[in-house]
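Just target_9.cif here, mmCIF, C-alpha atoms:
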```cif
data_structure
#
loop_
_atom_site.label_atom_id
_atom_site.label_comp_id
_atom_site.auth_asym_id
_atom_site.auth_seq_id
_atom_site.Cartn_x
_atom_site.Cartn_y
_atom_site.Cartn_z
CA MET A 1 97.17 112.68 101.88
CA VAL A 2 96.74 109.23 100.38
CA ASN A 3 99.31 107.88 97.92
CA ASP A 4 98.19 104.24 97.81
CA LEU A 5 96.25 103.62 94.57
CA ALA A 6 93.98 100.99 96.10
CA LYS A 7 93.06 103.30 98.98
CA LEU A 8 92.31 106.13 96.59
CA SER A 9 90.11 103.89 94.45
CA ASN A 10 88.31 102.77 97.59
CA THR A 11 87.78 106.41 98.54
CA ALA A 12 86.27 107.04 95.10
CA GLN A 13 83.85 104.18 95.78
CA LYS A 14 82.91 105.75 99.11
CA ILE A 15 82.20 108.98 97.24
CA ARG A 16 79.96 107.07 94.84
CA ARG A 17 78.03 105.45 97.69
CA ILE A 18 77.41 108.82 99.33
CA ILE A 19 76.27 110.23 95.97
CA ILE A 20 73.66 107.49 95.62
CA GLU A 21 72.46 107.86 99.21
CA MET A 22 72.08 111.62 98.90
CA LEU A 23 70.31 111.57 95.54
CA ALA A 24 67.91 108.77 96.46
CA GLU A 25 66.83 110.66 99.57
CA ALA A 26 66.53 113.95 97.69
CA GLY A 27 64.56 112.39 94.85
CA SER A 28 66.26 114.69 92.38
CA GLY A 29 69.72 115.55 91.14
CA HIS A 30 72.41 114.36 88.76
CA PRO A 31 73.87 110.88 89.32
CA GLY A 32 75.52 110.22 85.94
CA GLY A 33 78.05 113.04 85.88
CA SER A 34 78.64 112.85 89.63
CA LEU A 35 79.61 109.17 89.42
CA SER A 36 81.84 109.73 86.39
CA ALA A 37 83.81 112.43 88.22
CA ALA A 38 84.36 110.49 91.47
CA ASP A 39 87.84 109.14 90.67
CA ILE A 40 89.15 112.53 89.56
CA ILE A 41 87.75 114.29 92.62
CA ALA A 42 89.12 111.60 94.93
CA ALA A 43 92.60 111.98 93.42
CA LEU A 44 92.50 115.76 93.84
CA PHE A 45 91.12 115.98 97.36
CA PHE A 46 92.87 112.97 98.88
CA SER A 47 96.24 112.98 97.14
CA LYS A 48 97.10 116.00 95.05
CA MET A 49 95.72 119.23 96.43
CA LYS A 50 97.09 121.24 99.33
CA HIS A 51 94.14 122.06 101.56
CA ASP A 52 93.16 122.09 105.21
CA PRO A 53 89.60 121.38 106.41
CA LYS A 54 90.40 123.23 109.64
CA ARG A 55 91.40 126.31 107.64
CA PRO A 56 89.18 126.41 104.54
CA ASP A 57 90.32 129.98 103.86
CA TRP A 58 94.06 129.17 104.15
CA ASN A 59 95.70 131.46 101.62
CA GLU A 60 98.28 128.91 100.45
CA ARG A 61 95.67 126.28 99.58
CA ASP A 62 95.10 124.87 96.12
CA ARG A 63 91.70 125.79 94.70
CA PHE A 64 89.13 123.48 93.12
CA VAL A 65 86.43 124.86 90.85
CA LEU A 66 83.59 122.50 89.95
CA SER A 67 82.54 124.19 86.74
CA LYS A 68 80.04 121.38 86.07
CA GLY A 69 78.15 122.44 89.18
CA HIS A 70 75.37 119.88 88.71
CA ALA A 71 77.90 117.25 89.90
CA ALA A 72 77.76 118.86 93.35
CA PRO A 73 77.03 115.51 95.11
CA ALA A 74 80.52 114.29 94.20
CA LEU A 75 82.10 117.44 95.63
CA TYR A 76 79.97 117.30 98.77
CA ALA A 77 80.94 113.67 99.33
CA ALA A 78 84.65 114.52 99.08
CA LEU A 79 84.20 117.46 101.45
CA MET A 80 82.39 115.21 103.94
CA LEU A 81 85.11 112.56 103.87
CA ASN A 82 87.71 115.30 104.38
CA GLY A 83 85.91 116.81 107.35
CA TYR A 84 84.68 120.07 105.83
CA ILE A 85 81.05 118.96 106.17
CA ASP A 86 79.39 116.79 108.81
CA GLU A 87 78.44 113.55 107.06
CA ASN A 88 75.34 113.38 109.26
CA ILE A 89 73.69 116.04 107.08
CA LYS A 90 74.17 114.17 103.80
CA LEU A 91 70.48 113.30 103.56
CA THR A 92 69.53 117.00 103.55
CA LEU A 93 70.71 117.42 99.94
CA ARG A 94 68.45 119.83 98.03
CA LYS A 95 66.27 120.48 101.05
CA ILE A 96 65.32 124.03 102.06
CA GLY A 97 67.84 125.49 104.47
CA SER A 98 70.47 122.83 103.85
CA PRO A 99 74.05 123.88 102.99
CA LEU A 100 73.94 121.08 100.40
CA GLN A 101 72.08 122.82 97.62
CA GLY A 102 71.56 121.34 94.16
CA HIS A 103 74.54 123.33 92.94
CA PRO A 104 77.50 124.44 95.09
CA ASP A 105 76.99 127.62 97.11
CA MET A 106 80.17 129.21 98.47
CA ARG A 107 78.15 131.18 101.04
CA LYS A 108 76.71 128.06 102.63
CA THR A 109 79.27 125.28 102.35
CA ALA A 110 82.83 125.20 103.71
CA GLY A 111 85.33 124.07 101.09
CA VAL A 112 83.30 125.36 98.13
CA GLU A 113 85.45 127.99 96.42
CA ILE A 114 82.81 129.41 94.10
CA SER A 115 79.11 129.04 93.41
CA THR A 116 78.73 127.25 90.08
CA GLY A 117 76.05 125.80 87.86
CA SER A 118 75.81 128.17 84.90
CA LEU A 119 77.85 126.10 82.48
CA GLY A 120 80.93 127.66 80.91
CA GLN A 121 81.54 130.14 83.72
CA GLY A 122 83.67 128.06 86.08
CA ILE A 123 86.80 128.24 83.96
CA SER A 124 86.53 132.04 83.85
CA VAL A 125 86.54 132.08 87.65
CA ALA A 126 89.43 129.61 87.72
CA VAL A 127 91.44 131.82 85.35
CA GLY A 128 90.82 134.77 87.66
CA MET A 129 91.96 132.77 90.68
CA ALA A 130 95.09 131.56 88.90
CA LEU A 131 95.95 135.08 87.74
CA ALA A 132 95.41 136.44 91.26
CA ASN A 133 97.71 133.75 92.68
CA LYS A 134 100.37 134.80 90.18
CA LEU A 135 100.03 138.44 91.15
CA ASP A 136 100.21 137.52 94.84
CA LYS A 137 103.23 135.29 94.16
CA LEU A 138 101.46 132.25 95.61
CA LYS A 139 102.57 128.83 94.44
CA SER A 140 99.07 127.41 94.75
CA LYS A 141 97.42 125.54 91.88
CA VAL A 142 93.89 126.01 90.58
CA TYR A 143 92.08 122.91 89.32
CA CYS A 144 88.92 123.34 87.26
CA LEU A 145 86.69 120.37 86.38
CA THR A 146 84.43 120.91 83.38
CA GLY A 147 81.86 118.76 81.66
CA ASP A 148 82.20 117.81 78.02
CA GLY A 149 78.80 119.22 77.06
CA GLU A 150 80.05 122.38 78.75
CA CYS A 151 82.73 122.66 76.05
CA GLN A 152 79.92 123.80 73.74
CA GLU A 153 79.82 127.10 75.65
CA GLY A 154 81.57 130.07 74.07
CA GLN A 155 82.61 131.64 77.37
CA LEU A 156 84.75 128.61 78.14
CA TRP A 157 86.87 129.22 75.04
CA GLU A 158 87.26 132.92 75.82
CA ALA A 159 88.59 131.94 79.24
CA ALA A 160 90.90 129.38 77.64
CA MET A 161 92.39 132.10 75.43
CA ALA A 162 92.98 134.29 78.48
CA ALA A 163 94.64 131.43 80.38
CA ALA A 164 97.13 130.87 77.56
CA HIS A 165 97.67 134.61 77.01
CA TYR A 166 98.66 135.11 80.64
CA LYS A 167 100.76 131.93 80.66
CA LEU A 168 98.87 130.50 83.64
CA ASP A 169 100.96 127.42 84.33
CA ASN A 170 99.31 127.26 87.76
CA LEU A 171 95.99 126.35 86.13
CA VAL A 172 94.87 122.78 85.34
CA VAL A 173 91.61 122.30 83.45
CA ILE A 174 90.15 118.79 83.44
CA THR A 175 87.24 117.66 81.27
CA ASP A 176 85.07 114.78 82.44
CA ARG A 177 84.59 113.32 78.95
CA ASN A 178 81.70 110.92 79.56
CA LYS A 179 80.27 111.73 76.11
CA LEU A 180 76.68 112.28 77.29
CA GLN A 181 74.75 115.41 78.22
CA ILE A 182 71.15 116.06 79.18
CA ASP A 183 69.81 115.94 75.61
CA GLY A 184 71.83 112.97 74.35
CA ASP A 185 75.38 112.22 73.24
CA THR A 186 77.57 115.27 72.83
CA GLU A 187 78.45 114.61 69.22
CA SER A 188 74.77 114.55 68.21
CA VAL A 189 73.77 117.61 70.23
CA MET A 190 76.74 119.79 69.19
CA GLY A 191 79.94 118.05 68.19
CA ILE A 192 83.02 119.11 70.16
CA GLU A 193 85.66 116.88 68.63
CA PRO A 194 88.59 117.02 68.06
CA LEU A 195 88.65 118.18 71.68
CA ALA A 196 92.33 117.54 72.44
CA ASP A 197 93.41 119.36 69.29
CA LYS A 198 91.21 122.34 70.13
CA TRP A 199 92.67 122.81 73.59
CA ARG A 200 96.17 122.37 72.17
CA ALA A 201 95.40 125.03 69.55
CA PHE A 202 94.23 127.34 72.34
CA GLY A 203 97.69 127.12 73.90
CA PHE A 204 97.34 124.39 76.53
CA GLU A 205 99.61 121.46 77.25
CA VAL A 206 97.27 118.52 76.62
CA ILE A 207 97.31 115.20 78.48
CA GLU A 208 94.83 112.46 77.56
CA ILE A 209 93.95 109.75 80.10
CA ASP A 210 91.49 107.13 81.28
CA GLY A 211 89.59 109.11 83.90
CA HIS A 212 88.94 106.01 86.00
CA ASP A 213 92.54 104.78 86.12
CA MET A 214 93.92 106.24 89.34
CA ASP A 215 97.52 105.76 88.26
CA GLN A 216 96.90 107.70 85.05
CA ILE A 217 95.01 110.44 86.90
CA LEU A 218 97.82 110.99 89.40
CA GLY A 219 100.44 110.77 86.65
CA ALA A 220 98.68 113.50 84.67
CA LEU A 221 98.36 115.74 87.73
CA ASP A 222 102.04 115.25 88.53
CA ARG A 223 103.02 115.99 84.94
CA ALA A 224 101.05 119.24 85.10
CA ASP A 225 103.46 120.35 87.83
CA THR A 226 106.33 120.13 85.34
CA ILE A 227 104.69 122.36 82.70
CA HIS A 228 105.95 125.93 82.62
CA GLY A 229 104.75 128.94 80.65
CA LYS A 230 101.30 127.62 79.73
CA PRO A 231 98.24 126.03 81.35
CA THR A 232 97.54 122.29 81.34
CA TYR A 233 94.48 120.51 80.01
CA ILE A 234 93.63 116.94 81.03
CA LEU A 235 91.16 115.15 78.79
CA ALA A 236 89.78 112.41 81.04
CA HIS A 237 87.78 109.74 79.23
CA THR A 238 85.10 108.53 81.61
CA VAL A 239 81.85 106.56 81.77
CA LYS A 240 78.61 108.29 82.67
CA GLY A 241 77.20 106.62 85.78
CA LYS A 242 80.47 104.77 86.43
CA GLY A 243 80.22 101.98 89.02
CA VAL A 244 76.49 101.30 88.73
CA SER A 245 75.79 98.88 85.90
CA PHE A 246 72.26 100.05 85.07
CA MET A 247 73.36 103.71 85.03
CA GLU A 248 76.53 103.36 82.97
CA ASN A 249 76.31 105.10 79.59
CA LYS A 250 72.59 105.82 80.15
CA VAL A 251 71.71 109.39 79.26
CA ASN A 252 68.45 109.25 81.23
CA PHE A 253 70.51 109.16 84.43
CA HIS A 254 72.08 112.52 83.65
CA GLY A 255 69.51 114.36 85.74
CA VAL A 256 67.20 111.71 87.22
CA ALA A 257 67.85 110.46 90.74
CA PRO A 258 67.63 106.74 91.53
CA THR A 259 64.50 105.46 93.20
CA LYS A 260 64.84 103.90 96.65
CA ASP A 261 64.82 100.41 95.06
CA GLU A 262 67.41 101.44 92.47
CA ALA A 263 69.55 102.91 95.24
CA VAL A 264 69.55 99.58 97.08
CA LYS A 265 70.77 97.84 93.92
CA ALA A 266 73.36 100.54 93.23
CA LEU A 267 74.77 100.44 96.76
CA ALA A 268 75.06 96.66 96.56
CA GLU A 269 77.19 97.03 93.42
CA LEU A 270 79.33 99.71 95.08
CA ALA A 271 79.91 97.73 98.28
#
```
Any chance you could put this one into structure tokens?
Amino acid sequence: MVNDLAKLSNTAQKIRRIIIEMLAEAGSGHPGGSLSAADIIAALFFSKMKHDPKRPDWNERDRFVLSKGHAAPALYAALMLNGYIDENIKLTLRKIGSPLQGHPDMRKTAGVEISTGSLGQGISVAVGMALANKLDKLKSKVYCLTGDGECQEGQLWEAAMAAAHYKLDNLVVITDRNKLQIDGDTESVMGIEPLADKWRAFGFEVIEIDGHDMDQILGALDRADTIHGKPTYILAHTVKGKGVSFMENKVNFHGVAPTKDEAVKALAELA
């Protein structure tokens, strides 16, 4: 595991480069929300979580649920850099027969805990995992990364109520708050603020951070370990398309892959 902040930030940049390479080759996919989640995913997979690429089904492992399944390229990149997936297949993203489908498929890809993509459902699965770990007396954590547009889904709030009801202090929910979704900015499509207050009202310990500041990310994850008797919610303020100037805060890059020329420019910025 990596504890050096500079190394972790560099790993996040590697994740971003792989994201761009995969999406440009595929010609489809979701760059904006994948890039915004890179720092959080790097912190989890390279510093915080207990996991073993040689034993993906290790019972004592921490679990990661990518509820915003369209950000699969970021997860795949982290799994590649950890050794779960052969990096040589990265350019097969979204191709028929590839284990790297447009959304994570637990049947095809080592390290993927659950197939996701239907927004709002990931946290329900994460609650079930956390409850099962409690019943099995495992000390493992469950980390669930949601999108902010996803917080418009009713099922997510039902799951949040259950998490608080069962006092799931082994559950950490993180929202990638990049403020944009496929149809525009979240507050115009269906306002979700005050987000922190809502999660607090639903019984979570709430921590608010800059989702691109590695020190703040690790500090929030460490603080979650000290919370007892209730689940933790981390509201991570991020930038859609982070790291690529012409993608940052651009809603059109939610679900449109970069062209080959755009990929060259993006990779130069991420070098």
task: Tell me, as a VMD selection string, which residues lie within 8 Å of Ala42 of chain A, counting only C-alpha atoms; anything in the same chain fewer than 5 positions away does not count.
output: chain A and resid 8 to 9 11 to 12 15 47 78
- prompt: Exactly which residues make up the result of the PyMOL selection byres ((chain A and resi 135-151) around 7) on this file, given as an MDAnalysis selection string?
  reply: chainID A and resid 60:68 119:120 123 126 130:134 152:153 156 170:177 179 181 186 192
- request: Check which residues satisfy the PyMOL selection byres ((chain A and resi 194-203) around 10) in the file shown, then give them as a PyMOL selection string.
  value: chain A and resi 148+151+157-158+160-165+167+173+175+177+191-193+204-208+229-235
field: Result set of the PyMOL selection byres ((chain A and resi 16-32) around 8) on the coordinates above, as a PyMOL selection string
entry: chain A and resi 12-15+33-36+38+70-71+73-74+77+90-95+102+240-243+247-248+250-251+253-260+263+266-267+270-271
query: Taking all atoms listed in the file into account, which of A:Leu79, A:Ala37, A:Leu5, A:Val127 comes nearest Asp169 of chain A?
result: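 Closest to Asp169 of chain A of all the choices is A:Val127.
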- request: Choose the residue, out of A:Ile89, A:Ile40, A:Ala72, A:Val125, that has the smallest atom-to-atom separation from Val112 of chain A; count all atoms listed in the file.
  value: A:Ala72
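Nearest-residue note for Asp183 of chain A: choosing from A:Thr109, A:Asn252, A:Ser118, A:Asn10, the minimum distance belongs to A:Asn252, counting all atoms listed in the file.
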query: Can you list, as a ChimeraX atom specification, every protein, DNA or RNA residue that comes within 12 Å of Asp215 of chain A when you count only C-alpha atoms, leaving out same-chain residues fewer than 3 positions away?
result: /A:3-9,39-40,43,47,209-212,218-222
Residues from last step as file, C-alpha atoms, as a short mmCIF file (atom, residue, chain, number, x, y, z; two decimals), in the coordinates of the input:
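See selection.cif below for the written result:
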```cif
data_model
loop_
_atom_site.label_atom_id
_atom_site.label_comp_id
_atom_site.auth_asym_id
_atom_site.auth_seq_id
_atom_site.Cartn_x
_atom_site.Cartn_y
_atom_site.Cartn_z
CA ASN A 3 99.31 107.88 97.92
CA ASP A 4 98.19 104.24 97.81
CA LEU A 5 96.25 103.62 94.57
CA ALA A 6 93.98 100.99 96.10
CA LYS A 7 93.06 103.30 98.98
CA LEU A 8 92.31 106.13 96.59
CA SER A 9 90.11 103.89 94.45
CA ASP A 39 87.84 109.14 90.67
CA ILE A 40 89.15 112.53 89.56
CA ALA A 43 92.60 111.98 93.42
CA SER A 47 96.24 112.98 97.14
CA ILE A 209 93.95 109.75 80.10
CA ASP A 210 91.49 107.13 81.28
CA GLY A 211 89.59 109.11 83.90
CA HIS A 212 88.94 106.01 86.00
CA LEU A 218 97.82 110.99 89.40
CA GLY A 219 100.44 110.77 86.65
CA ALA A 220 98.68 113.50 84.67
CA LEU A 221 98.36 115.74 87.73
CA ASP A 222 102.04 115.25 88.53
#
```
Centre and size of axis-aligned box enclosing segment 142-156 of chain A plus 6 Å each side, as AutoDock Vina command-line options:
```
--center_x 86.3 --center_y 124.7 --center_z 82.2 --size_x 27.1 --size_y 25.8 --size_z 28.8
```
message: Between A:Ser245, A:Asp86, A:Ala224, A:Gly69, which residue has the minimum interatomic distance to Ala110 of chain A, considering all atoms listed in the file?
response: A:Asp86
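Atom CA of His237 of chain A sits 14.0 Å away from atom CA of Asp185 of chain A.
Here atom CA of Phe46 of chain A and atom CA of Lys108 of chain A stand 22.4 Å from one another.
Interatomic distance, atom CA of Thr116 of chain A against atom CA of His51 of chain A: 19.9 Å.
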Completion step: segment 72-98 of chain A with N, CA and C atoms as an mmCIF file, in the frame of the given file:
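The resulting file, result_17.cif, is shown below:
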```cif
data_model
loop_
_atom_site.group_PDB
_atom_site.id
_atom_site.type_symbol
_atom_site.label_atom_id
_atom_site.label_comp_id
_atom_site.auth_asym_id
_atom_site.auth_seq_id
_atom_site.Cartn_x
_atom_site.Cartn_y
_atom_site.Cartn_z
ATOM 1 N N ALA A 72 77.524 118.465 91.960
ATOM 2 C CA ALA A 72 77.760 118.860 93.350
ATOM 3 C C ALA A 72 77.792 117.674 94.324
ATOM 4 N N PRO A 73 76.967 116.627 94.157
ATOM 5 C CA PRO A 73 77.030 115.510 95.110
ATOM 6 C C PRO A 73 78.426 114.899 95.238
ATOM 7 N N ALA A 74 79.162 114.843 94.139
ATOM 8 C CA ALA A 74 80.520 114.290 94.200
ATOM 9 C C ALA A 74 81.436 115.190 95.025
ATOM 10 N N LEU A 75 81.305 116.483 94.841
ATOM 11 C CA LEU A 75 82.100 117.440 95.630
ATOM 12 C C LEU A 75 81.714 117.378 97.098
ATOM 13 N N TYR A 76 80.415 117.361 97.378
ATOM 14 C CA TYR A 76 79.970 117.300 98.770
ATOM 15 C C TYR A 76 80.492 116.043 99.463
ATOM 16 N N ALA A 77 80.458 114.927 98.751
ATOM 17 C CA ALA A 77 80.940 113.670 99.330
ATOM 18 C C ALA A 77 82.412 113.773 99.698
ATOM 19 N N ALA A 78 83.217 114.355 98.803
ATOM 20 C CA ALA A 78 84.650 114.520 99.080
ATOM 21 C C ALA A 78 84.865 115.459 100.262
ATOM 22 N N LEU A 79 84.072 116.518 100.349
ATOM 23 C CA LEU A 79 84.200 117.460 101.450
ATOM 24 C C LEU A 79 83.805 116.801 102.781
ATOM 25 N N MET A 80 82.789 115.939 102.741
ATOM 26 C CA MET A 80 82.390 115.210 103.940
ATOM 27 C C MET A 80 83.512 114.290 104.421
ATOM 28 N N LEU A 81 84.072 113.531 103.507
ATOM 29 C CA LEU A 81 85.110 112.560 103.870
ATOM 30 C C LEU A 81 86.389 113.253 104.316
ATOM 31 N N ASN A 82 86.547 114.516 103.938
ATOM 32 C CA ASN A 82 87.710 115.300 104.380
ATOM 33 C C ASN A 82 87.463 116.044 105.679
ATOM 34 N N GLY A 83 86.211 116.127 106.102
ATOM 35 C CA GLY A 83 85.910 116.810 107.350
ATOM 36 C C GLY A 83 85.450 118.240 107.227
ATOM 37 N N TYR A 84 85.216 118.730 106.006
ATOM 38 C CA TYR A 84 84.680 120.070 105.830
ATOM 39 C C TYR A 84 83.202 120.125 106.241
ATOM 40 N N ILE A 85 82.488 119.047 105.943
ATOM 41 C CA ILE A 85 81.050 118.960 106.170
ATOM 42 C C ILE A 85 80.762 117.760 107.059
ATOM 43 N N ASP A 86 79.820 117.904 107.965
ATOM 44 C CA ASP A 86 79.390 116.790 108.810
ATOM 45 C C ASP A 86 78.612 115.791 107.957
ATOM 46 N N GLU A 87 79.092 114.562 107.898
ATOM 47 C CA GLU A 87 78.440 113.550 107.060
ATOM 48 C C GLU A 87 77.018 113.268 107.518
ATOM 49 N N ASN A 88 76.693 113.625 108.746
ATOM 50 C CA ASN A 88 75.340 113.380 109.260
ATOM 51 C C ASN A 88 74.278 114.198 108.535
ATOM 52 N N ILE A 89 74.692 115.225 107.779
ATOM 53 C CA ILE A 89 73.690 116.040 107.080
ATOM 54 C C ILE A 89 73.555 115.638 105.612
ATOM 55 N N LYS A 90 74.180 114.529 105.221
ATOM 56 C CA LYS A 90 74.170 114.170 103.800
ATOM 57 C C LYS A 90 72.765 113.977 103.232
ATOM 58 N N LEU A 91 71.836 113.554 104.065
ATOM 59 C CA LEU A 91 70.480 113.300 103.560
ATOM 60 C C LEU A 91 69.634 114.559 103.488
ATOM 61 N N THR A 92 70.259 115.721 103.708
ATOM 62 C CA THR A 92 69.530 117.000 103.550
ATOM 63 C C THR A 92 69.751 117.603 102.170
ATOM 64 N N LEU A 93 70.443 116.894 101.283
ATOM 65 C CA LEU A 93 70.710 117.420 99.940
ATOM 66 C C LEU A 93 69.437 117.956 99.294
ATOM 67 N N ARG A 94 69.530 119.168 98.776
ATOM 68 C CA ARG A 94 68.450 119.830 98.030
ATOM 69 C C ARG A 94 67.237 120.179 98.877
ATOM 70 N N LYS A 95 67.373 120.083 100.183
ATOM 71 C CA LYS A 95 66.270 120.480 101.050
ATOM 72 C C LYS A 95 66.426 121.952 101.451
ATOM 73 N N ILE A 96 65.299 122.615 101.694
ATOM 74 C CA ILE A 96 65.320 124.030 102.060
ATOM 75 C C ILE A 96 66.117 124.225 103.344
ATOM 76 N N GLY A 97 67.029 125.174 103.311
ATOM 77 C CA GLY A 97 67.840 125.490 104.470
ATOM 78 C C GLY A 97 69.115 124.681 104.597
ATOM 79 N N SER A 98 69.273 123.646 103.781
ATOM 80 C CA SER A 98 70.470 122.830 103.850
ATOM 81 C C SER A 98 71.648 123.536 103.169
#
```
